[in-house]
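What follows is final-v9.txt (compact mmCIF, C-alpha atoms).
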```
# COMPACT_ATOMS: atom_id res chain seq x y z
CA MET A 9 0.00 0.00 0.00
CA THR A 10 1.47 3.30 -1.05
CA GLN A 11 1.03 6.47 0.89
CA GLU A 12 -0.17 9.60 -0.92
CA MET A 13 2.57 12.23 -1.02
CA THR A 14 2.42 16.00 -1.44
CA ASP A 15 4.77 18.97 -1.24
CA CYS A 16 5.48 20.71 2.07
CA PRO A 17 3.94 24.20 1.83
CA VAL A 18 7.02 25.67 3.59
CA CYS A 19 10.12 23.98 2.06
CA LYS A 20 8.45 22.37 -0.98
CA ASN A 21 10.00 18.92 -0.25
CA GLU A 22 7.83 15.85 -0.62
CA VAL A 23 6.05 14.68 2.59
CA PRO A 24 3.24 12.20 3.30
CA ARG A 25 -0.23 13.83 3.13
CA GLY A 26 -1.54 14.45 6.66
CA ALA A 27 1.87 14.33 8.35
CA PRO A 28 1.92 16.54 11.47
CA ARG A 29 5.46 17.84 10.74
CA CYS A 30 7.69 18.10 7.74
CA LYS A 31 10.60 15.67 8.03
CA HIS A 32 12.82 18.15 6.18
CA CYS A 33 12.15 21.57 7.74
CA PHE A 34 10.23 20.40 10.87
CA SER A 35 7.42 22.89 10.20
CA ASP A 36 4.06 22.27 11.85
CA LEU A 37 1.83 21.08 8.99
CA ALA A 38 -1.36 20.28 10.91
CA GLU A 39 -2.93 23.63 10.04
CA HIS A 40 -2.28 23.10 6.31
CA TRP A 41 -4.19 19.85 5.89
CA GLU A 42 -7.89 19.97 5.19
CA GLY A 43 -9.64 17.79 7.79
CA GLY A 44 -6.40 17.57 9.79
CA PRO A 45 -6.07 17.95 13.53
CA SER A 46 -6.60 21.72 13.59
CA GLY A 47 -8.29 22.20 10.24
CA GLY A 48 -11.28 19.87 10.42
CA GLY A 49 -13.92 18.70 12.77
CA ASN A 50 -16.85 20.58 14.17
CA PRO A 51 -15.75 23.73 16.03
CA LEU A 52 -18.98 23.64 18.05
CA LEU A 53 -18.24 20.24 19.58
CA PRO A 54 -15.83 21.53 22.27
CA VAL A 55 -18.25 24.37 23.08
CA ILE A 56 -21.13 21.91 23.42
CA LEU A 57 -19.06 19.59 25.62
CA LEU A 58 -17.99 22.50 27.83
CA GLY A 59 -21.62 23.61 28.08
CA LEU A 60 -22.65 20.11 29.17
CA VAL A 61 -19.96 20.09 31.86
CA PHE A 62 -21.17 23.47 33.17
CA LEU A 63 -24.78 22.25 33.06
CA ALA A 64 -23.88 19.12 35.04
CA CYS A 65 -21.92 21.12 37.64
CA GLY A 66 -24.70 23.68 37.94
CA SER A 67 -27.31 20.95 38.35
CA TRP A 68 -25.25 19.32 41.09
CA VAL A 69 -24.83 22.62 42.96
CA TYR A 70 -28.56 23.40 42.64
CA TRP A 71 -29.57 19.94 43.89
CA THR A 72 -27.10 20.12 46.80
CA VAL A 73 -28.38 23.53 47.90
CA GLN A 74 -32.04 22.56 47.53
CA HIS A 75 -31.67 19.28 49.43
CA GLN A 76 -29.25 20.26 52.16
CA ASP A 77 -30.60 20.32 55.68
CA GLN A 78 -29.69 23.59 57.26
CA LEU A 79 -29.21 24.32 60.91
CA GLY A 80 -31.44 27.08 62.12
CA GLN A 81 -31.47 28.63 65.55
CA VAL A 82 -30.09 27.08 68.72
CA THR A 83 -31.37 28.48 72.01
CA VAL A 84 -30.08 27.58 75.46
CA ASP A 85 -32.86 28.01 78.01
CA PRO A 86 -31.28 27.94 81.49
CA ARG A 87 -34.60 28.45 83.26
CA GLU A 88 -36.13 25.32 81.69
CA GLU A 89 -32.67 23.64 81.57
CA ARG A 90 -32.95 22.69 77.94
CA VAL A 91 -31.41 23.35 74.54
CA VAL A 92 -33.91 24.01 71.74
CA VAL A 93 -32.66 23.29 68.22
CA VAL A 94 -34.69 24.40 65.21
CA TYR A 95 -33.75 22.65 61.97
CA THR A 96 -34.76 24.29 58.70
CA SER A 97 -34.51 22.99 55.18
CA THR A 98 -35.32 24.13 51.70
CA HIS A 99 -37.41 21.03 50.96
CA VAL A 100 -39.21 20.01 54.20
CA GLU A 101 -41.03 21.71 57.02
CA PRO A 102 -38.90 23.03 59.92
CA THR A 103 -38.50 20.73 62.91
CA THR A 104 -37.78 21.54 66.54
CA ARG A 105 -35.92 19.38 69.03
CA GLN A 106 -35.59 19.90 72.77
CA ILE A 107 -32.70 18.35 74.65
CA TYR A 108 -32.78 18.70 78.43
CA PHE A 109 -29.53 19.39 80.29
CA THR A 110 -29.92 16.08 82.16
CA ASP A 111 -29.84 14.26 78.79
CA VAL A 112 -26.58 15.97 77.75
CA ALA A 113 -23.39 14.08 78.63
CA SER A 114 -20.91 16.56 77.12
CA ILE A 115 -20.26 19.14 74.42
CA GLU A 116 -17.87 18.33 71.55
CA MET A 117 -16.25 20.65 69.08
CA GLU A 118 -14.58 19.12 66.01
CA ALA A 119 -11.97 21.17 64.21
CA ASN A 120 -11.37 19.60 60.80
CA GLN A 121 -8.42 20.92 58.83
CA ASN A 122 -6.51 19.67 55.81
CA PHE A 123 -3.20 20.63 54.28
CA LEU A 124 -4.92 22.64 51.52
CA GLY A 125 -6.18 25.09 54.13
CA ALA A 126 -9.84 24.04 54.21
CA ASN A 127 -11.31 24.31 57.70
CA GLN A 128 -14.58 23.23 59.23
CA TRP A 129 -15.75 23.54 62.82
CA LEU A 130 -18.67 21.47 64.15
CA VAL A 131 -20.26 21.70 67.60
CA TYR A 132 -22.27 18.76 68.95
CA LEU A 133 -24.34 18.00 72.01
CA VAL A 134 -23.48 14.44 73.05
CA THR A 135 -26.40 12.82 74.83
CA THR A 136 -26.25 10.26 77.63
CA THR A 137 -27.22 7.63 75.02
CA GLY A 138 -24.18 8.55 72.87
CA GLU A 139 -26.10 10.42 70.18
CA ARG A 140 -24.26 13.39 68.67
CA ILE A 141 -26.59 16.27 67.81
CA LEU A 142 -25.17 18.97 65.56
CA ILE A 143 -25.91 22.43 66.95
CA ASN A 144 -23.52 24.65 64.97
CA ARG A 145 -21.09 24.51 62.06
CA SER A 146 -18.81 26.94 60.28
CA ASN A 147 -16.30 26.86 57.44
CA SER A 148 -14.93 30.32 58.17
CA THR A 149 -15.09 31.09 61.89
CA PRO A 150 -13.61 28.96 64.69
CA LEU A 151 -16.32 28.00 67.19
CA GLU A 152 -14.26 27.50 70.38
CA SER A 153 -15.92 30.37 72.27
CA TYR A 154 -19.39 29.27 71.12
CA ALA A 155 -18.76 25.68 72.28
CA SER A 156 -17.29 26.92 75.56
CA ASN A 157 -20.34 29.11 76.15
CA ILE A 158 -22.72 26.16 75.54
CA ALA A 159 -20.65 23.96 77.90
CA GLN A 160 -20.72 26.65 80.56
CA HIS A 161 -24.50 27.15 80.31
CA THR A 162 -25.24 23.42 80.40
CA ASN A 163 -22.57 22.82 83.08
CA LYS A 164 -21.05 20.04 80.94
CA GLN A 165 -17.51 19.20 79.90
CA LEU A 166 -16.22 20.52 76.57
CA THR A 167 -14.11 18.17 74.45
CA ILE A 168 -12.19 19.62 71.49
CA ILE A 169 -11.28 17.17 68.75
CA ASN A 170 -8.66 18.29 66.23
CA ASN A 171 -8.72 16.36 62.96
CA ILE A 172 -5.81 17.31 60.74
CA ARG A 173 -5.85 15.45 57.45
CA ALA A 174 -2.79 14.75 55.36
CA GLY A 175 -2.81 14.60 51.59
CA SER A 176 -2.81 10.78 51.51
CA GLU A 177 -6.20 10.73 53.29
CA MET A 178 -7.86 12.89 50.65
CA VAL A 179 -9.94 11.37 47.87
CA GLY A 180 -8.01 10.65 44.70
CA VAL A 181 -4.54 10.80 46.27
CA GLY A 182 -2.43 7.71 46.60
CA GLY A 183 -3.12 4.16 45.49
```

Written form, structure tokens:
Amino acid sequence: MTQEMTDCPVCKNEVPRGAPRCKHCFSDLAEHWEGGPSGGGNPLLPVILLGLVFLACGSWVYWTVQHQDQLGQVTVDPREERVVVVYTSTHVEPTTRQIYFTDVASIEMEANQNFLGANQWLVYLVTTTGERILINRSNSTPLESYASNIAQHTNKQLTIINNIRAGSEMVGVGG
């Protein structure tokens, strides 16, 4: 089988049609060939693919925001010796939960940090049955004083848990 030959548009030496470079002058020939790597194909295809990626990402963000339970107001009532937690959501009716001080074993604050600088603070009421009830969270503000205040009002011990994650524990890193 013989290969169709043509002249290089730069040095005029004979080269195989469709070759990416001239073997004589090393010029980039891809732009000179009709239907070649940069000369053919549908120019809308990359735009459509990029649009589909943005649509998928946007749909994921919208779904996450619409279906994420959100923590509403937390009130410590020392007179009634209870903590009232109001949970709100974008897709269900708000719910209220009352936890009496006698049912609280301790207060926990988790400080989650990774080497990329992402931080998250979570404050939990830990009940006498071992249940952990989220009462506050933040990705921007440390919650040590908040957790300390809740522990002081409920007269319970505060435990601070520091979780520092290395790169090997992150998704997609390592084998």

Compile a residue-level contact table for range 136-172 of chain A against range 106-124 of chain A at a cut-off of 8 Å, reporting for every qualifying residue the shortest atom pair and its distance in Å to one decimal, with only C-alpha atoms counted, rows ordered by chain and ascending number, as JSON lines.
```
{"residue": "A:Thr136", "atom": "CA", "partner": "A:Ala113", "partner_atom": "CA", "distance": 4.9}
{"residue": "A:Pro150", "atom": "CA", "partner": "A:Ala119", "partner_atom": "CA", "distance": 8.0}
{"residue": "A:Leu151", "atom": "CA", "partner": "A:Met117", "partner_atom": "CA", "distance": 7.6}
{"residue": "A:Glu152", "atom": "CA", "partner": "A:Met117", "partner_atom": "CA", "distance": 7.3}
{"residue": "A:Ala155", "atom": "CA", "partner": "A:Met117", "partner_atom": "CA", "distance": 6.5}
{"residue": "A:Ile158", "atom": "CA", "partner": "A:Ile115", "partner_atom": "CA", "distance": 7.5}
{"residue": "A:Ala159", "atom": "CA", "partner": "A:Ile115", "partner_atom": "CA", "distance": 6.0}
{"residue": "A:Thr162", "atom": "CA", "partner": "A:Phe109", "partner_atom": "CA", "distance": 5.9}
{"residue": "A:Lys164", "atom": "CA", "partner": "A:Ser114", "partner_atom": "CA", "distance": 5.2}
{"residue": "A:Gln165", "atom": "CA", "partner": "A:Ser114", "partner_atom": "CA", "distance": 5.1}
{"residue": "A:Leu166", "atom": "CA", "partner": "A:Ile115", "partner_atom": "CA", "distance": 4.8}
{"residue": "A:Thr167", "atom": "CA", "partner": "A:Glu116", "partner_atom": "CA", "distance": 4.8}
{"residue": "A:Ile168", "atom": "CA", "partner": "A:Met117", "partner_atom": "CA", "distance": 4.8}
{"residue": "A:Ile169", "atom": "CA", "partner": "A:Glu118", "partner_atom": "CA", "distance": 4.7}
{"residue": "A:Asn170", "atom": "CA", "partner": "A:Ala119", "partner_atom": "CA", "distance": 4.8}
{"residue": "A:Asn171", "atom": "CA", "partner": "A:Asn120", "partner_atom": "CA", "distance": 4.7}
{"residue": "A:Ile172", "atom": "CA", "partner": "A:Gln121", "partner_atom": "CA", "distance": 4.8}
```

*For each of A:Thr104, A:Ser148, A:Thr10, A:Asn157, take the minimum atom-to-atom distance to Trp129 in chain A, counting all atoms listed in the file, then give the residue where this is smallest.*
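When distances to Trp129 in chain A are compared using all atoms listed in the file, the smallest one comes from A:Ser148.
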
_What's the separation between CA of Gly138 in chain A and CA of Val91 in chain A, in Å to one decimal place?_
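Pair CA of Gly138 in chain A / CA of Val91 in chain A returns 16.6 Å.
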
*Report the distance between CA of Val134 in chain A and CA of Thr103 in chain A in Å, rounded to one decimal place.*
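According to the coordinates, CA of Val134 in chain A and CA of Thr103 in chain A are separated by 19.2 Å.
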
*asked:* For a cutoff of 10 Å around the file-coordinate point (-28.4, 17.8, 67.8), which residues qualify once you count all atoms listed in the file? I'd like the result as a PyMOL selection string.
replied: chain A and resi 79+82+91-95+105-107+131-135+139-144

*d(CA of His40 in chain A, CA of Met13 in chain A) in Å*: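 Pair CA of His40 in chain A / CA of Met13 in chain A returns 14.0 Å.
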
*From the list A:Leu130, A:Asp36, A:Cys30, A:Thr149, which residue is nearest Thr14 in chain A when using only C-alpha atoms?*
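Between A:Leu130, A:Asp36, A:Cys30, A:Thr149, the residue approaching Thr14 in chain A most closely is A:Cys30.
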
*Nearest candidate to Arg145 in chain A (options A:His161, A:Leu60, A:Gln81, A:Glu89; using all atoms listed in the file)*: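 Of all the options, A:Gln81 lies closest to Arg145 in chain A.
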
To box range 26-37 of chain A, take all atoms listed in the file, fit an axis-aligned box, add 3 Å on each side, and give centre and edge lengths in Å to one decimal, as lines of an AutoDock Vina configuration file.
```
center_x = 5.6
center_y = 18.6
center_z = 9.0
size_x = 20.4
size_y = 14.6
size_z = 11.7
```
